[in-house]
>>> print(open('upload_3.csv').read())   # CSV, C-alpha atoms
chain,number,residue,atom,x,y,z
T,102,MET,CA,106.4,129.3,105.0
T,103,LYS,CA,108.7,132.2,104.2
T,104,TYR,CA,111.3,132.5,101.5
T,105,THR,CA,114.6,134.3,101.7
T,106,ASN,CA,116.8,135.4,98.8
T,107,LYS,CA,120.3,135.4,100.2
T,108,PHE,CA,122.1,135.5,96.8
T,109,GLY,CA,120.0,138.2,95.1
T,110,LEU,CA,118.4,135.8,92.6
T,111,PRO,CA,115.7,137.1,90.2
T,112,LYS,CA,112.5,138.0,91.9
T,113,SER,CA,110.6,135.9,89.4
T,114,LEU,CA,111.9,132.8,91.1
T,115,GLU,CA,110.5,133.9,94.5
T,116,ASN,CA,107.2,134.9,92.8
T,117,PHE,CA,106.9,131.5,91.2
T,118,LEU,CA,107.3,129.7,94.5
T,119,ASN,CA,104.8,131.9,96.2
T,120,LYS,CA,102.2,131.4,93.4
T,121,ASN,CA,102.7,127.6,93.3
T,122,PRO,CA,102.4,126.2,96.8
T,123,HIS,CA,102.0,122.5,97.4
T,124,ASP,CA,98.3,121.8,97.0
T,125,SER,CA,96.5,118.7,98.4
T,126,GLY,CA,93.3,119.5,96.5
T,127,GLY,CA,91.3,119.6,99.7
T,128,ALA,CA,92.4,116.2,100.9
T,129,ARG,CA,93.5,115.6,104.5
T,130,PHE,CA,96.7,113.9,103.4
T,131,THR,CA,98.7,113.5,100.3
T,132,VAL,CA,100.6,110.3,99.4
T,133,THR,CA,104.0,112.1,99.7
T,134,GLY,CA,103.0,113.4,103.1
T,135,LEU,CA,101.9,109.9,104.2
T,136,LEU,CA,105.3,108.5,103.3
T,137,ASN,CA,107.0,111.0,105.6
T,138,PRO,CA,107.5,110.2,109.3
T,139,PRO,CA,104.6,111.5,111.4
T,140,ARG,CA,107.1,113.6,113.5
T,141,ILE,CA,108.2,115.6,110.4
T,142,GLU,CA,104.7,116.1,109.1
T,143,GLN,CA,103.4,117.3,112.5
T,144,LEU,CA,106.3,119.6,113.1
T,145,ARG,CA,105.8,121.1,109.7
T,146,LYS,CA,102.1,121.8,110.4
T,147,GLU,CA,102.8,123.2,113.9
T,148,ASN,CA,105.6,125.5,112.8
T,149,TYR,CA,104.6,126.3,109.2
T,150,SER,CA,104.5,130.1,109.6
T,151,ASN,CA,108.0,130.1,111.2
T,152,ILE,CA,109.7,127.9,108.6
T,153,THR,CA,112.1,129.8,106.2
T,154,GLU,CA,113.8,128.5,103.1
T,155,ASP,CA,116.1,130.2,100.7
T,156,ILE,CA,115.0,130.2,97.1
T,157,SER,CA,118.4,128.9,96.1
T,158,ASP,CA,117.6,125.6,97.9
T,159,LYS,CA,114.5,125.2,95.8
T,160,VAL,CA,116.4,124.8,92.5
T,161,MET,CA,115.6,121.1,92.1
T,162,SER,CA,112.0,121.8,92.8
T,163,LEU,CA,111.9,124.4,90.0
T,164,ILE,CA,113.6,122.0,87.6
T,165,GLY,CA,111.1,119.3,88.5
T,166,VAL,CA,108.1,121.6,87.9
T,167,ALA,CA,109.5,122.6,84.6
T,168,THR,CA,110.1,119.0,83.6
T,169,HIS,CA,106.6,118.0,84.5
T,170,LEU,CA,105.1,121.0,82.6
T,171,ILE,CA,107.1,120.2,79.4
T,172,LEU,CA,106.3,116.5,79.5
T,173,SER,CA,102.6,117.0,80.2
T,174,GLU,CA,102.4,119.0,76.9
T,175,GLY,CA,103.8,116.0,75.1
T,176,ALA,CA,101.3,113.4,76.4
T,177,ALA,CA,99.5,111.3,73.7
T,178,ASP,CA,95.8,111.7,73.2
T,179,ASP,CA,95.0,108.4,75.0
T,180,GLU,CA,97.3,109.2,78.0
T,181,ILE,CA,96.4,111.1,81.1
T,182,ALA,CA,98.9,113.7,82.3
T,183,GLU,CA,99.2,115.4,85.7
T,184,GLU,CA,96.0,114.1,87.2
T,185,ARG,CA,95.3,114.5,90.9
T,186,VAL,CA,93.4,111.4,92.1
T,187,PHE,CA,91.3,111.2,95.3
T,188,CYS,CA,90.0,108.3,97.4
T,189,VAL,CA,88.8,107.7,100.9
T,190,VAL,CA,90.7,105.3,103.2
T,191,ASP,CA,89.1,104.5,106.5
T,192,GLY,CA,86.9,107.6,106.2
T,193,VAL,CA,89.9,109.9,105.5
T,194,LYS,CA,90.2,111.7,102.1
T,195,ILE,CA,93.7,111.4,100.5
T,196,SER,CA,95.1,112.5,97.2
T,197,GLY,CA,98.0,111.9,94.9
T,198,GLN,CA,99.3,113.7,91.8
T,199,ILE,CA,100.1,111.1,89.1
T,200,ASP,CA,102.5,112.3,86.4
T,201,LEU,CA,101.3,110.1,83.6
T,202,GLN,CA,98.8,107.2,83.0
T,203,THR,CA,99.2,105.2,79.9
T,204,PRO,CA,96.9,102.5,78.6
T,205,VAL,CA,98.6,99.1,78.2
T,206,ASP,CA,97.3,95.6,77.4
T,207,GLY,CA,94.7,94.8,80.1
T,208,GLY,CA,95.1,98.0,82.1
T,209,TRP,CA,97.2,101.0,82.8
T,210,ARG,CA,100.8,102.0,83.4
T,211,LEU,CA,101.6,104.7,86.0
T,212,THR,CA,104.7,106.8,85.4
T,213,ASP,CA,106.4,109.1,87.9
T,214,TYR,CA,109.1,111.6,86.8
T,215,LYS,CA,112.2,112.0,89.1
T,216,THR,CA,115.1,114.4,88.8
T,217,THR,CA,118.0,112.6,90.5
T,218,SER,CA,121.7,111.8,90.4
T,219,ALA,CA,123.4,109.2,88.2
T,220,TYR,CA,124.5,107.4,91.3
T,221,ALA,CA,120.9,107.1,92.6
T,222,ILE,CA,120.0,105.5,89.3
T,223,MET,CA,122.9,103.0,89.6
T,224,SER,CA,122.2,102.1,93.2
T,225,SER,CA,119.0,100.1,92.5
T,226,SER,CA,117.6,98.5,89.4
T,227,GLU,CA,114.1,98.5,90.9
T,228,GLY,CA,114.1,102.0,92.2
T,229,LYS,CA,114.4,103.4,95.7
T,230,LEU,CA,112.1,101.9,98.4
T,231,GLU,CA,110.3,105.2,98.7
T,232,HIS,CA,109.6,105.2,94.9
T,233,GLN,CA,108.1,101.7,95.2
T,234,GLN,CA,106.0,102.8,98.1
T,235,GLN,CA,104.8,105.9,96.4
T,236,LEU,CA,103.8,104.3,93.1
T,237,ASN,CA,102.2,101.3,94.7
T,238,CYS,CA,100.1,103.7,96.8
T,239,TYR,CA,99.1,105.5,93.5
T,240,ALA,CA,98.2,102.1,92.0
T,241,GLU,CA,95.9,101.3,94.9
T,242,MET,CA,94.3,104.8,94.8
T,243,VAL,CA,93.7,104.6,91.0
T,244,GLU,CA,92.1,101.2,91.2
T,245,ARG,CA,89.8,102.3,94.1
T,246,ALA,CA,88.9,105.7,92.6
T,247,LYS,CA,88.6,104.9,88.9
T,248,GLY,CA,87.7,101.2,88.9
T,249,VAL,CA,90.5,100.3,86.5
T,250,VAL,CA,93.4,97.8,86.7
T,251,VAL,CA,97.0,99.0,87.1
T,252,LYS,CA,99.3,96.6,85.3
T,253,GLU,CA,102.7,98.4,85.3
T,254,LEU,CA,104.7,101.0,87.3
T,255,GLU,CA,107.8,102.9,86.3
T,256,VAL,CA,110.0,105.8,87.2
T,257,VAL,CA,111.4,107.9,84.4
T,258,ALA,CA,114.6,109.3,86.0
T,259,PHE,CA,116.5,112.4,84.7
T,260,ALA,CA,120.1,112.3,85.8
T,261,ARG,CA,121.0,115.9,86.5
T,262,ASP,CA,124.8,115.2,86.7
T,263,TRP,CA,125.1,112.7,83.9
T,264,SER,CA,128.4,112.6,82.1
T,265,ARG,CA,129.1,111.0,78.7
T,266,ALA,CA,132.7,110.3,79.7
T,267,SER,CA,131.6,108.1,82.6
T,268,VAL,CA,129.6,105.7,80.5
T,269,SER,CA,132.8,103.9,79.2
T,270,ARG,CA,134.4,103.9,82.7
T,271,ASN,CA,131.7,102.2,84.6
T,272,LYS,CA,129.5,99.4,83.2
T,273,ASN,CA,126.7,100.2,85.6
T,274,TYR,CA,126.6,103.9,84.8
T,275,PRO,CA,123.4,105.1,83.0
T,276,LYS,CA,123.8,104.8,79.3
T,277,ALA,CA,121.7,107.9,78.7
T,278,PRO,CA,120.7,110.9,80.9
T,279,ILE,CA,117.1,109.7,80.9
T,280,VAL,CA,116.4,106.2,82.1
T,281,ARG,CA,113.2,104.2,82.5
T,282,ILE,CA,113.2,102.1,85.7
T,283,PRO,CA,110.5,99.4,86.1
T,284,ILE,CA,109.0,99.4,89.6
T,285,PRO,CA,107.7,96.2,91.1
T,286,LEU,CA,103.9,96.1,91.4
T,287,TRP,CA,102.9,94.7,94.8
T,288,SER,CA,99.9,92.4,95.3
T,289,LYS,CA,96.5,94.0,95.9
T,290,GLU,CA,96.7,92.9,99.5
T,291,GLU,CA,100.2,94.4,100.1
T,292,ARG,CA,99.2,97.7,98.5
T,293,SER,CA,96.0,98.0,100.4
T,294,GLU,CA,97.5,97.1,103.8
T,295,PHE,CA,100.4,99.5,103.4
T,296,LEU,CA,98.2,102.5,102.4
T,297,GLU,CA,95.7,101.9,105.2
T,298,GLU,CA,98.6,101.5,107.7
T,299,ARG,CA,100.1,104.9,106.7
T,300,VAL,CA,96.7,106.6,106.9
T,301,ARG,CA,96.0,105.2,110.3
T,302,LEU,CA,99.4,106.2,111.6
T,303,HIS,CA,99.2,109.8,110.4
T,304,TRP,CA,95.5,110.2,111.4
T,305,PHE,CA,96.3,109.2,115.0
T,306,TRP,CA,99.0,111.9,115.4
T,307,ASP,CA,97.1,114.5,113.3
T,308,GLU,CA,94.1,114.1,115.5
T,309,LYS,CA,96.1,115.2,118.5
T,310,GLY,CA,96.3,118.7,117.0
T,311,GLN,CA,98.8,121.0,118.6
T,312,SER,CA,100.2,118.2,120.8
T,313,PRO,CA,103.4,118.9,122.8
T,314,GLU,CA,106.4,118.2,120.6
T,315,ASN,CA,107.9,115.7,123.0
T,316,THR,CA,104.8,113.4,122.6
T,317,LEU,CA,105.5,112.8,118.9
T,318,PRO,CA,107.0,109.5,117.9
T,319,GLU,CA,110.8,109.7,117.3
T,320,CYS,CA,112.2,109.3,113.8
T,321,SER,CA,113.8,105.9,113.2
T,322,PRO,CA,117.4,105.6,111.8
T,323,ALA,CA,115.9,104.9,108.4
T,324,ASP,CA,113.7,108.1,108.7
T,325,MET,CA,116.9,110.1,109.5
T,326,TRP,CA,118.8,108.6,106.5
T,327,GLU,CA,121.3,107.3,109.0
T,328,ARG,CA,124.5,106.0,107.3
T,329,ARG,CA,127.1,104.3,109.4
T,330,PHE,CA,129.2,102.5,106.8
T,331,ALA,CA,131.6,104.7,104.7
T,332,VAL,CA,133.6,103.6,101.7
T,333,HIS,CA,137.1,105.1,101.8
T,334,GLU,CA,139.1,104.7,98.6
T,335,PHE,CA,142.8,103.8,99.0
T,336,LYS,CA,145.4,106.4,98.1
T,337,LEU,CA,148.5,105.5,96.1
T,338,ASN,CA,150.4,104.7,99.3
T,339,GLY,CA,147.6,102.2,100.3
T,340,GLU,CA,146.2,104.3,103.1
T,341,PRO,CA,142.4,105.0,103.0
T,342,ARG,CA,141.5,108.6,102.0
T,343,LYS,CA,140.2,110.8,104.8
T,344,ASN,CA,137.0,111.7,103.1
T,345,PRO,CA,134.6,108.9,102.2
T,346,LYS,CA,133.5,108.3,98.7
T,347,SER,CA,130.0,107.4,99.8
T,348,ARG,CA,128.1,106.3,102.9
T,349,PHE,CA,125.5,103.5,103.3
T,350,GLU,CA,122.9,102.2,105.8
T,351,THR,CA,124.4,98.7,105.8
T,352,GLU,CA,127.8,97.1,105.3
T,353,ASP,CA,126.4,94.9,102.5
T,354,LYS,CA,125.3,98.0,100.5
T,355,ALA,CA,128.7,99.5,101.0
T,356,LEU,CA,130.4,96.3,99.8
T,357,ASN,CA,128.1,96.0,96.8
T,358,TYR,CA,128.9,99.6,95.8
T,359,MET,CA,132.6,98.8,95.9
T,360,MET,CA,132.3,95.7,93.8
T,361,ASP,CA,130.0,97.3,91.3
T,362,ASN,CA,132.3,100.2,90.8
T,363,ALA,CA,135.6,98.3,91.1
T,364,ILE,CA,136.7,100.5,94.0
T,365,LYS,CA,139.8,99.6,95.9
T,366,GLY,CA,139.3,100.7,99.4
T,367,LYS,CA,138.1,100.0,102.9
T,368,ILE,CA,134.7,100.1,104.6
T,369,ILE,CA,134.9,102.0,107.9
T,370,SER,CA,132.1,101.9,110.5
T,371,SER,CA,131.7,105.3,112.1
T,372,ASP,CA,129.3,107.1,114.4
T,373,ASP,CA,125.9,107.5,112.9
T,374,LYS,CA,125.5,110.3,110.4
T,375,ARG,CA,122.0,111.5,110.3
T,376,THR,CA,122.0,112.9,106.8
T,377,ARG,CA,118.4,114.1,106.7
T,378,CYS,CA,118.7,115.9,110.0
T,379,GLU,CA,122.2,117.4,109.5
T,380,GLY,CA,121.3,118.8,106.1
T,381,ASN,CA,117.8,119.9,107.4
T,382,TYR,CA,116.3,118.0,104.4
T,383,CYS,CA,113.2,117.6,106.6
T,384,GLY,CA,113.0,121.4,107.0
T,385,VAL,CA,112.2,121.3,110.7
T,386,ASN,CA,115.4,120.4,112.5
T,387,GLN,CA,115.4,123.7,114.4
T,388,PHE,CA,112.0,122.7,116.0
T,389,CYS,CA,112.9,119.1,116.7
T,390,LYS,CA,113.7,118.1,120.3
T,391,GLN,CA,115.0,114.7,119.2
T,392,TRP,CA,117.7,116.4,117.0
T,393,LYS,CA,118.5,118.9,119.8
T,394,GLU,CA,119.1,116.1,122.3
T,395,TYR,CA,121.2,114.2,119.8
T,396,ASN,CA,123.4,117.3,119.2
T,397,ASP,CA,123.7,118.1,123.0
T,398,GLY,CA,124.9,114.5,123.5
T,399,ARG,CA,127.7,115.0,121.1
T,400,GLU,CA,129.1,118.1,122.8
>>> encode(input="upload_3.csv", output="structure tokens")
Amino acid sequence: MKYTNKFGLPKSLENFLNKNPHDSGGARFTVTGLLNPPRIEQLRKENYSNITEDISDKVMSLIGVATHLILSEGAADDEIAEERVFCVVDGVKISGQIDLQTPVDGGWRLTDYKTTSAYAIMSSSEGKLEHQQQLNCYAEMVERAKGVVVKELEVVAFARDWSRASVSRNKNYPKAPIVRIPIPLWSKEERSEFLEERVRLHWFWDEKGQSPENTLPECSPADMWERRFAVHEFKLNGEPRKNPKSRFETEDKALNYMMDNAIKGKIISSDDKRTRCEGNYCGVNQFCKQWKEYNDGRE
């Protein structure tokens, strides 16, 4: 991994990123890695030395690290902050960094801090699917590794774009810039099955080593954050605006968004927009044959 500094930002930012790489603690996989598609994880491993990122694109990571550091200092005496937990699943060592563990009646509550947008908080009262998956994997790992019972899960979300003026305009808008979101705790069987399935999937492709890129499984529409249904707000003349207000994976989600936010407009189905690929949020689109073939087909 190499960092560039296109905008001449302070060298201290670059130094910090180089001194604080992602650390698995010696585990074969981390929970965040397991939740990624195998294609992305393997392309990252195979091309790690050739991947470049500008430090300006890491601003949210820096804010996240700062938030975690500050909050870990404020943990109560009976809480456990920033603990990396390890366990072995089907003979494979995995790890996960848990932001906060708090004793509650009959067990423990696991908390994960997220820096996100106000819209993301509004979009789901039970957190994003990936947040549910991550925290339920943590719950399973904690119970296996520490022999305790996990009773509650939550995300503490920090809305980076929160606006006080928006509170009165939208009943669903977060009432404060920091929100606690309860996350559903899956059954023991569901958690165990999901975690073991992800380990087996990644272990299979990881064992192939430097396999040809075209043998990797393709990313699914969900993996690519494909959004086909766009909400176009009406202009004063009744025509839909050219640029969509937001895009969604399904028409139902688009309709719910319009209803929740009292938007007068139209849902327009368009060609698939592969948000993760187009924005290179995976960090490896330049090495991906699937993305290249998709782009070649659009020319």
>>> atom_distance(input="upload_3.csv", atom1="CA of Ala331 in chain T", atom2="CA of Thr376 in chain T")
12.8 Å
>>> residues_around(input="upload_3.csv", residues="Ala221 in chain T", least_positions_apart="3", cutoff="12 Å", atoms="only C-alpha atoms", output="PyMOL selection string")
chain T and resi 215-218+224-230+232+258-263+273-275+280+282+347+358
>>> closest_residue(input="upload_3.csv", among="T:Met242, T:Ala323, T:Leu337, T:Leu110", to="Thr351 in chain T", atoms="all atoms listed in the file")
T:Ala323
>>> closest_residue(input="upload_3.csv", among="T:Ser196, T:Gln387, T:Thr212, T:Ser293", to="Glu241 in chain T", atoms="only C-alpha atoms")
T:Ser293
>>> residues_around(input="upload_3.csv", residues="Phe117 in chain T", least_positions_apart="3", cutoff="12 Å", atoms="only C-alpha atoms", output="list of chain:residue names")
T:Tyr104, T:Pro111, T:Lys112, T:Ser113, T:Leu114, T:Lys120, T:Asn121, T:Pro122, T:His123, T:Ile156, T:Lys159, T:Val160, T:Ser162, T:Leu163, T:Val166, T:Ala167
>>> closest_residue(input="upload_3.csv", among="T:His303, T:Asn357, T:Asn137, T:Glu154", to="Asn119 in chain T", atoms="all atoms listed in the file")
T:Glu154
>>> atom_distance(input="upload_3.csv", atom1="CA of Leu135 in chain T", atom2="CA of Asp353 in chain T")
28.8 Å
>>> decode(input="upload_3.csv", residues="range 283-305 of chain T", atoms="N, CA, C and O atoms", output="PDB file, in the first residue's frame")
ATOM      1  N   PRO T 283     -30.092   0.325  18.575  1.00  0.00           N
ATOM      2  CA  PRO T 283     -30.098  -1.080  19.002  1.00  0.00           C
ATOM      3  C   PRO T 283     -30.006  -2.002  17.789  1.00  0.00           C
ATOM      4  O   PRO T 283     -30.689  -1.802  16.786  1.00  0.00           O
ATOM      5  N   ILE T 284     -29.162  -3.000  17.885  1.00  0.00           N
ATOM      6  CA  ILE T 284     -28.960  -3.968  16.808  1.00  0.00           C
ATOM      7  C   ILE T 284     -29.554  -5.305  17.229  1.00  0.00           C
ATOM      8  O   ILE T 284     -29.282  -5.786  18.345  1.00  0.00           O
ATOM      9  N   PRO T 285     -30.388  -5.934  16.382  1.00  0.00           N
ATOM     10  CA  PRO T 285     -30.980  -7.232  16.752  1.00  0.00           C
ATOM     11  C   PRO T 285     -29.914  -8.289  17.030  1.00  0.00           C
ATOM     12  O   PRO T 285     -28.944  -8.417  16.272  1.00  0.00           O
ATOM     13  N   LEU T 286     -30.087  -9.013  18.116  1.00  0.00           N
ATOM     14  CA  LEU T 286     -29.183 -10.110  18.458  1.00  0.00           C
ATOM     15  C   LEU T 286     -29.757 -11.394  17.883  1.00  0.00           C
ATOM     16  O   LEU T 286     -30.842 -11.829  18.264  1.00  0.00           O
ATOM     17  N   TRP T 287     -29.033 -12.008  16.961  1.00  0.00           N
ATOM     18  CA  TRP T 287     -29.500 -13.246  16.345  1.00  0.00           C
ATOM     19  C   TRP T 287     -29.406 -14.391  17.352  1.00  0.00           C
ATOM     20  O   TRP T 287     -28.721 -14.299  18.371  1.00  0.00           O
ATOM     21  N   SER T 288     -30.074 -15.473  17.021  1.00  0.00           N
ATOM     22  CA  SER T 288     -29.984 -16.663  17.867  1.00  0.00           C
ATOM     23  C   SER T 288     -28.564 -17.230  17.795  1.00  0.00           C
ATOM     24  O   SER T 288     -27.796 -16.945  16.873  1.00  0.00           O
ATOM     25  N   LYS T 289     -28.224 -18.025  18.785  1.00  0.00           N
ATOM     26  CA  LYS T 289     -26.904 -18.661  18.829  1.00  0.00           C
ATOM     27  C   LYS T 289     -26.651 -19.462  17.555  1.00  0.00           C
ATOM     28  O   LYS T 289     -25.547 -19.420  16.991  1.00  0.00           O
ATOM     29  N   GLU T 290     -27.662 -20.163  17.089  1.00  0.00           N
ATOM     30  CA  GLU T 290     -27.518 -20.983  15.885  1.00  0.00           C
ATOM     31  C   GLU T 290     -27.264 -20.120  14.647  1.00  0.00           C
ATOM     32  O   GLU T 290     -26.410 -20.445  13.808  1.00  0.00           O
ATOM     33  N   GLU T 291     -28.000 -19.015  14.519  1.00  0.00           N
ATOM     34  CA  GLU T 291     -27.828 -18.134  13.361  1.00  0.00           C
ATOM     35  C   GLU T 291     -26.443 -17.505  13.351  1.00  0.00           C
ATOM     36  O   GLU T 291     -25.792 -17.432  12.307  1.00  0.00           O
ATOM     37  N   ARG T 292     -25.993 -17.043  14.513  1.00  0.00           N
ATOM     38  CA  ARG T 292     -24.672 -16.414  14.592  1.00  0.00           C
ATOM     39  C   ARG T 292     -23.575 -17.406  14.229  1.00  0.00           C
ATOM     40  O   ARG T 292     -22.671 -17.096  13.443  1.00  0.00           O
ATOM     41  N   SER T 293     -23.649 -18.595  14.810  1.00  0.00           N
ATOM     42  CA  SER T 293     -22.627 -19.605  14.590  1.00  0.00           C
ATOM     43  C   SER T 293     -22.575 -20.024  13.129  1.00  0.00           C
ATOM     44  O   SER T 293     -21.500 -20.103  12.521  1.00  0.00           O
ATOM     45  N   GLU T 294     -23.742 -20.260  12.550  1.00  0.00           N
ATOM     46  CA  GLU T 294     -23.807 -20.692  11.149  1.00  0.00           C
ATOM     47  C   GLU T 294     -23.261 -19.617  10.212  1.00  0.00           C
ATOM     48  O   GLU T 294     -22.512 -19.919   9.277  1.00  0.00           O
ATOM     49  N   PHE T 295     -23.621 -18.355  10.456  1.00  0.00           N
ATOM     50  CA  PHE T 295     -23.158 -17.271   9.590  1.00  0.00           C
ATOM     51  C   PHE T 295     -21.640 -17.116   9.661  1.00  0.00           C
ATOM     52  O   PHE T 295     -20.958 -17.022   8.634  1.00  0.00           O
ATOM     53  N   LEU T 296     -21.085 -17.102  10.873  1.00  0.00           N
ATOM     54  CA  LEU T 296     -19.646 -16.931  11.035  1.00  0.00           C
ATOM     55  C   LEU T 296     -18.877 -18.082  10.397  1.00  0.00           C
ATOM     56  O   LEU T 296     -17.884 -17.861   9.681  1.00  0.00           O
ATOM     57  N   GLU T 297     -19.318 -19.298  10.632  1.00  0.00           N
ATOM     58  CA  GLU T 297     -18.627 -20.456  10.069  1.00  0.00           C
ATOM     59  C   GLU T 297     -18.710 -20.465   8.547  1.00  0.00           C
ATOM     60  O   GLU T 297     -17.745 -20.832   7.861  1.00  0.00           O
ATOM     61  N   GLU T 298     -19.833 -20.028   8.006  1.00  0.00           N
ATOM     62  CA  GLU T 298     -20.000 -19.973   6.549  1.00  0.00           C
ATOM     63  C   GLU T 298     -19.024 -18.975   5.925  1.00  0.00           C
ATOM     64  O   GLU T 298     -18.405 -19.249   4.893  1.00  0.00           O
ATOM     65  N   ARG T 299     -18.860 -17.801   6.559  1.00  0.00           N
ATOM     66  CA  ARG T 299     -17.940 -16.785   6.030  1.00  0.00           C
ATOM     67  C   ARG T 299     -16.485 -17.266   6.104  1.00  0.00           C
ATOM     68  O   ARG T 299     -15.702 -17.035   5.176  1.00  0.00           O
ATOM     69  N   VAL T 300     -16.139 -17.953   7.187  1.00  0.00           N
ATOM     70  CA  VAL T 300     -14.772 -18.463   7.317  1.00  0.00           C
ATOM     71  C   VAL T 300     -14.496 -19.507   6.243  1.00  0.00           C
ATOM     72  O   VAL T 300     -13.446 -19.474   5.577  1.00  0.00           O
ATOM     73  N   ARG T 301     -15.420 -20.433   6.039  1.00  0.00           N
ATOM     74  CA  ARG T 301     -15.215 -21.470   5.021  1.00  0.00           C
ATOM     75  C   ARG T 301     -15.084 -20.861   3.628  1.00  0.00           C
ATOM     76  O   ARG T 301     -14.249 -21.287   2.826  1.00  0.00           O
ATOM     77  N   LEU T 302     -15.917 -19.866   3.333  1.00  0.00           N
ATOM     78  CA  LEU T 302     -15.886 -19.226   2.023  1.00  0.00           C
ATOM     79  C   LEU T 302     -14.542 -18.568   1.761  1.00  0.00           C
ATOM     80  O   LEU T 302     -13.918 -18.773   0.706  1.00  0.00           O
ATOM     81  N   HIS T 303     -14.068 -17.774   2.716  1.00  0.00           N
ATOM     82  CA  HIS T 303     -12.801 -17.069   2.516  1.00  0.00           C
ATOM     83  C   HIS T 303     -11.609 -18.017   2.585  1.00  0.00           C
ATOM     84  O   HIS T 303     -10.630 -17.820   1.858  1.00  0.00           O
ATOM     85  N   TRP T 304     -11.687 -19.028   3.429  1.00  0.00           N
ATOM     86  CA  TRP T 304     -10.591 -19.991   3.522  1.00  0.00           C
ATOM     87  C   TRP T 304     -10.399 -20.724   2.202  1.00  0.00           C
ATOM     88  O   TRP T 304      -9.270 -20.961   1.766  1.00  0.00           O
ATOM     89  N   PHE T 305     -11.485 -21.069   1.540  1.00  0.00           N
ATOM     90  CA  PHE T 305     -11.410 -21.777   0.258  1.00  0.00           C
ATOM     91  C   PHE T 305     -10.613 -20.969  -0.755  1.00  0.00           C
ATOM     92  O   PHE T 305      -9.706 -21.479  -1.411  1.00  0.00           O
TER      93      PHE T 305
END
